[in-house]
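This report refers to the structure that appears directly beneath it.
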Amino acid sequence: MSTKPTTTDLEWTDLDQRAVDTARVLAMDSVQKVGNGHPGTAMSLAPAAYLLFQKLMRHDPSDAGWAGRDRFVLSPGHTSLTLYVQLYLAGFGLELEDLRSFRTWGSKTPGHPEYGHTTGVETTTGPLGQGIANAVGMAMAARYERGLFDPEAPQGASPFDHTIWAIVSDGDLEEGISAEASSLAGHQKLGNIVALYDDNHISIEGDTATALSEDVLARYEAYGWHVQRIEQAENGDFDVHALYAALKAAQAETERPSIIAARTIIAWPAPNAQNTEASHGSALGADEVAATKRVLGFDPEQHFAVEPDVINHTRGLVERGRQAHAAWDKRLQEWRNNNAERAALFDRITKGELPEGWESALPVFEPGKDVATRKASGQVLKALGGVLPELWGGSADLAGSNNTTIDASSSFLPKGNPLPEADPYGRTIHFGIREHAMGSTMNGIALHGNTRVYGGTFLVFSDYMRPAVRLAALMKLPVTYVWTHDSIGLGEDGPTHQPVEHLSALRAIPGLNIVRPADANETAIAWREITRRHSASPAPHGLALTRQNVPTYEANEDAAKGGYVLFEAEGGRPRVILIGTGSEVQLAVEAREQLQAAGVPTRVVSMPSVEWFEEQDKGYRDGVLPPSVKARVAVEAGIGLTWYRYVGEAGRIVSLEHFGASADYKVLYREFGLTAEAVVAAARESLDAAGH
């Protein structure tokens, strides 16, 4: 482990120091004005954030989405002012009024950074540990992107080489997600990520000695990270020269991810509030703010005071950023001149376009054959892989069950890995048994841009992914979850592995689209629609797929609308409508046959995605589910919560309101009353209730 570096080429002027102290004052004033927030960490981290934004990162405030930029992730999102103040100083579009309106309605400076809301914010952070996992995903995406466009270039020579910078806290590193993601990063030897660990020894409940005693750097060294520690300057502040040297050394380490531990004093240099848990999440108070301003040489009567020479100095980054961008553009043009085919691929992908005729690669499955939808999904993935090189992904050690191996001969693994298929730019990701990290790194991959990612596990283990899935929905990220073994239909593994409440619980997440196809053809159409939506209307999608074989029906393009008439009523307008999803559609089809034989005109509606269905206009929805038909039955092998709004007062739901059991899936369906006969009985009850 390295200790305090002794050499540095950092130019650090009085204006730089004044800018750092201005950042501290702005953090105090912003929290004091609104009356709540987290001032302490923003004060102590001001030198580190300033070094990154002004002295180290390659970025362009006039084009925050520049593809060649470094990325910055503030994992402890509660200290959002650490980021907002630097975005203001650097000229990314925030002004003093935005800091004055911190944490208030309609402001560009919400309590935690929100992707897509504030220019310069690369990811939504707040739930601790998610940010560092996002950063790992960004680093993975950067390597895969390089493999797509410039794999032969020497290290550091490609326009696609850049650094992922992250600030992490004690809280981030206590959360289990960070252990999963950091272990993955070490295994992958992601030398393009640098994390600064704010080791301030303070959490909400006081000194971190209440809950943390491990040697964090020893843990990271065991993961395979390059580790360094820097000590404080004599006055208790950051030693900026030591920090700069450590950050440069970490950036130069390209064979391993890097972490730097920096012992800091929260709320430094507040005379009374520094090193206290109160300064973590509360305004310092007018007297303490005034006292701190005196220590820093600011007028205690002035608020949000920024001297003209300070802002002129820091906003010099705008011109430096433009120059860096122009230099990169020149390198990119040289690359274009030598890589015409790859340049065309780059242009297509960055525009969010799909290759002409890509849909023709998708398989169409023969009606009448029984195929598990997980198997159909695997065939579709391989077909898509042949025409979309930007598509990659894998599974949480369940590839053989999830059918998520897009290319068995190409695994995303670093140089030195002993497996014969190992390739730093490989197509198939092995996330390991790390579902939570898989979800969060997928978010980072999507945030980085220029690739399309999917990841698989059993539906029941979506529980382990839920925080990351929720954030994907919040950020409208185009990630795809391949969740297989979607019901008690998985059989003998029993209730620990049989999802019951999961479909309804996942459908409750705003912005997440759940797609549970009835058969192989619906699966192909679902993948096609998800692929089309990637850029047109980005959102996370979860495919819920069967382990067991299910009948294959004629392909119907209306499956992309989320709900459609699979079989129409015969002998008159429908008297009853049967709604099914996934493996239970076949029960609705069998029940229809019995009802039709008894003279009851019956319509079967397959509804693979209620979210897609709700996007359709009222005319289409009423055409599928006519309001005049009150007798309705929904059938799904899970809790019935989703279906009450569709069946109405006279409707009935055939569902599973309890956990499963260990047995053959056919036995389970019979014993738990998920049968065509049960659907018929429910239909007759609904007809009676509707007055038919």
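Order determines the names: the first chain of the structure tokens is A, the second B, and so forth; residues in each chain are numbered 1 upward, and ligands are numbered 1 upward as they are shown.
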
Determine, counting only C-alpha atoms, which protein, DNA and RNA residues have an atom within 8 Å of an atom of Asp21 (chain A); residues of the same chain fewer than 3 positions away are not included. Present the result as a ChimeraX atom specification. /A:17-18,24-25,46,296

Report as a list in words all protein, DNA and RNA residues lying within 7 Å of Asp237 (chain A), evaluated on only C-alpha atoms, omitting residues in the same chain fewer than 3 positions from it.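 Answer for this query is Gln232, Ala233 and Trp268 of chain A.
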
Just-selected residues, N, CA and C atoms written as a CSV table (one decimal), in the first residue's frame:
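Result written to selection09.csv:
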chain,number,residue,atom,x,y,z
A,232,GLN,N,-3.9,14.0,6.6
A,232,GLN,CA,-4.3,15.4,6.6
A,232,GLN,C,-3.1,16.3,6.6
A,233,ALA,N,-3.3,17.5,6.1
A,233,ALA,CA,-2.3,18.5,6.3
A,233,ALA,C,-2.2,18.9,7.8
A,268,TRP,N,-15.0,20.7,8.4
A,268,TRP,CA,-13.8,21.6,8.6
A,268,TRP,C,-13.9,22.9,7.8

Neighbour list for region 440-456 of chain A as number ranges by chain, cut-off 8 Å, only C-alpha atoms, skip fewer than 5 positions in-chain: A: 122-123, 130, 133-142, 145, 181, 349-350, 390-396, 398-399, 402, 404, 465, 468-469, 472, 477-484

Please determine, counting only C-alpha atoms, which residue among A:Gly491, A:Pro601, A:Pro499, A:Gly511 has the shortest atom-to-atom distance to Ala631 (chain A). A:Pro601

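Here the residues within region 182-291 of chain A that DSSP labels strand (DSSP E or B) on the basis of the backbone are Ile193, Val194, Ala195, Leu196, Tyr197, Asp198, Asp199, Ile202, Ser203, Gly206, Asp207, His226, Val227, Gln228, Arg229, Ile230, Ser258, Ile259, Ile260, Ala261, Ala262 and Arg263 of chain A.
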
Which of region 629-674 of chain A counts as helix (DSSP H, G or I) under DSSP, as a PyMOL selection string please? chain A and resi 641-647+665-671

So that I can check the surroundings of region 643-657 of chain A, please list as a PyMOL selection string every protein, DNA and RNA residue that reaches within 9 Å of it, counting only C-alpha atoms and ignoring chain neighbours fewer than 2 positions away. chain A and resi 500-501+577+579+625+630-641+659-660+672-675+678-679+682-683+685-691

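The nearest approach to Glu114 (chain A) among the residues A:Ala422, A:Leu668, A:Leu471, A:Ile265, with only C-alpha atoms taken into account, belongs to A:Leu471.
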
Compile the contact shell of Gly116 (chain A) as a PyMOL selection string: residues with an atom at most 12 Å away, counting only C-alpha atoms, same-chain residues fewer than 5 positions apart removed. chain A and resi 64-65+108-110+121-124+447+474-477

Could those selected residues go to a file with all heavy atoms, as a compact mmCIF listing (two decimals), in the first residue's frame?
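result02.txt, freshly written:
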# COMPACT_ATOMS: atom_id res chain seq x y z
N ALA A 64 -21.90 19.00 -21.84
CA ALA A 64 -21.81 18.06 -20.72
C ALA A 64 -21.96 16.61 -21.15
O ALA A 64 -21.56 15.71 -20.41
CB ALA A 64 -22.86 18.40 -19.66
N GLY A 65 -22.53 16.37 -22.33
CA GLY A 65 -22.71 15.01 -22.80
C GLY A 65 -21.64 14.53 -23.75
O GLY A 65 -21.80 13.47 -24.37
N LYS A 108 -33.12 23.39 -9.66
CA LYS A 108 -32.18 22.50 -10.33
C LYS A 108 -31.26 21.81 -9.34
O LYS A 108 -30.37 21.05 -9.73
CB LYS A 108 -31.33 23.29 -11.33
CG LYS A 108 -32.10 23.92 -12.47
CD LYS A 108 -31.14 24.71 -13.38
CE LYS A 108 -31.88 25.41 -14.49
NZ LYS A 108 -30.94 26.21 -15.33
N THR A 109 -31.47 22.07 -8.07
CA THR A 109 -30.59 21.54 -7.02
C THR A 109 -31.39 20.77 -5.97
O THR A 109 -31.53 21.22 -4.83
CB THR A 109 -29.81 22.70 -6.37
OG1 THR A 109 -30.74 23.74 -5.99
CG2 THR A 109 -28.79 23.28 -7.32
N PRO A 110 -31.95 19.63 -6.36
CA PRO A 110 -32.73 18.84 -5.40
C PRO A 110 -31.83 18.26 -4.30
O PRO A 110 -30.59 18.34 -4.38
CB PRO A 110 -33.32 17.73 -6.26
CG PRO A 110 -32.41 17.62 -7.44
CD PRO A 110 -31.89 19.00 -7.69
N VAL A 121 -24.84 16.15 -13.89
CA VAL A 121 -25.06 15.03 -12.97
C VAL A 121 -25.11 13.74 -13.79
O VAL A 121 -25.99 13.59 -14.64
CB VAL A 121 -26.36 15.22 -12.16
CG1 VAL A 121 -26.68 13.97 -11.34
CG2 VAL A 121 -26.23 16.43 -11.24
N GLU A 122 -24.19 12.82 -13.52
CA GLU A 122 -24.06 11.62 -14.34
C GLU A 122 -24.95 10.47 -13.89
O GLU A 122 -25.21 9.54 -14.65
CB GLU A 122 -22.60 11.14 -14.34
CG GLU A 122 -21.60 12.13 -14.90
CD GLU A 122 -21.50 12.08 -16.41
OE1 GLU A 122 -22.35 11.42 -17.05
OE2 GLU A 122 -20.58 12.69 -16.96
N THR A 123 -25.41 10.52 -12.63
CA THR A 123 -26.27 9.45 -12.13
C THR A 123 -27.02 9.94 -10.91
O THR A 123 -26.55 10.83 -10.19
CB THR A 123 -25.47 8.19 -11.78
OG1 THR A 123 -26.35 7.17 -11.28
CG2 THR A 123 -24.41 8.46 -10.72
N THR A 124 -28.19 9.37 -10.67
CA THR A 124 -28.96 9.67 -9.47
C THR A 124 -28.37 8.88 -8.30
O THR A 124 -28.29 7.66 -8.36
CB THR A 124 -30.43 9.28 -9.67
OG1 THR A 124 -30.98 10.07 -10.73
CG2 THR A 124 -31.24 9.50 -8.41
N LEU A 447 -25.95 4.32 -18.26
CA LEU A 447 -25.64 5.74 -18.09
C LEU A 447 -24.43 6.15 -18.92
O LEU A 447 -24.37 7.26 -19.45
CB LEU A 447 -25.37 6.03 -16.61
CG LEU A 447 -26.59 6.03 -15.69
CD1 LEU A 447 -26.17 5.85 -14.24
CD2 LEU A 447 -27.39 7.31 -15.86
N LEU A 474 -36.43 5.26 -12.08
CA LEU A 474 -36.39 6.68 -11.76
C LEU A 474 -35.59 7.46 -12.81
O LEU A 474 -35.95 8.58 -13.19
CB LEU A 474 -35.76 6.86 -10.38
CG LEU A 474 -35.70 8.27 -9.79
CD1 LEU A 474 -37.08 8.85 -9.61
CD2 LEU A 474 -34.95 8.25 -8.46
N MET A 475 -34.51 6.84 -13.31
CA MET A 475 -33.64 7.51 -14.29
C MET A 475 -34.05 7.24 -15.73
O MET A 475 -33.42 7.75 -16.66
CB MET A 475 -32.19 7.08 -14.07
CG MET A 475 -31.58 7.59 -12.79
SD MET A 475 -29.80 7.25 -12.68
CE MET A 475 -29.79 5.59 -12.00
N LYS A 476 -35.07 6.39 -15.94
CA LYS A 476 -35.52 6.03 -17.30
C LYS A 476 -34.38 5.42 -18.11
O LYS A 476 -34.12 5.82 -19.25
CB LYS A 476 -36.12 7.24 -18.01
CG LYS A 476 -37.31 7.85 -17.31
CD LYS A 476 -37.87 9.04 -18.05
CE LYS A 476 -39.07 9.64 -17.32
NZ LYS A 476 -39.61 10.83 -18.01
N LEU A 477 -33.74 4.43 -17.53
CA LEU A 477 -32.59 3.80 -18.19
C LEU A 477 -33.03 2.60 -19.01
O LEU A 477 -33.80 1.76 -18.53
CB LEU A 477 -31.56 3.36 -17.14
CG LEU A 477 -30.97 4.47 -16.28
CD1 LEU A 477 -29.93 3.89 -15.33
CD2 LEU A 477 -30.35 5.57 -17.14

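Excluding Arg470 (chain A) and any residue on its chain fewer than 6 positions from it, the residues at most 10 Å away by only C-alpha atoms are Gly439, Lys476, Leu506, Ile509, Pro510, Gly511, Leu512 and Pro540 of chain A.
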
Find the distance between CA of Gly321 (chain A) and CA of Leu89 (chain A) and write it in Å to one decimal.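 CA of Leu89 (chain A) lies at a distance of 13.5 Å from CA of Gly321 (chain A).
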
Which residue, A:Ala286, A:Ile204, A:Lys55, A:Leu413, has the smallest gap to Gly186 (chain A) when you use only C-alpha atoms?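 Closest candidate: A:Leu413.
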
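The residue that comes closest to Gly281 (chain A), out of A:Leu45, A:Ile488, A:Val31, A:Val73 and on the basis of only C-alpha atoms, is A:Val31.
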
Which one of A:Ala663, A:Ile259, A:Ala153, A:Ala218 sits closest to Val168 (chain A) if you count only C-alpha atoms?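 Using only C-alpha atoms, Val168 (chain A) sits closest to A:Ile259.
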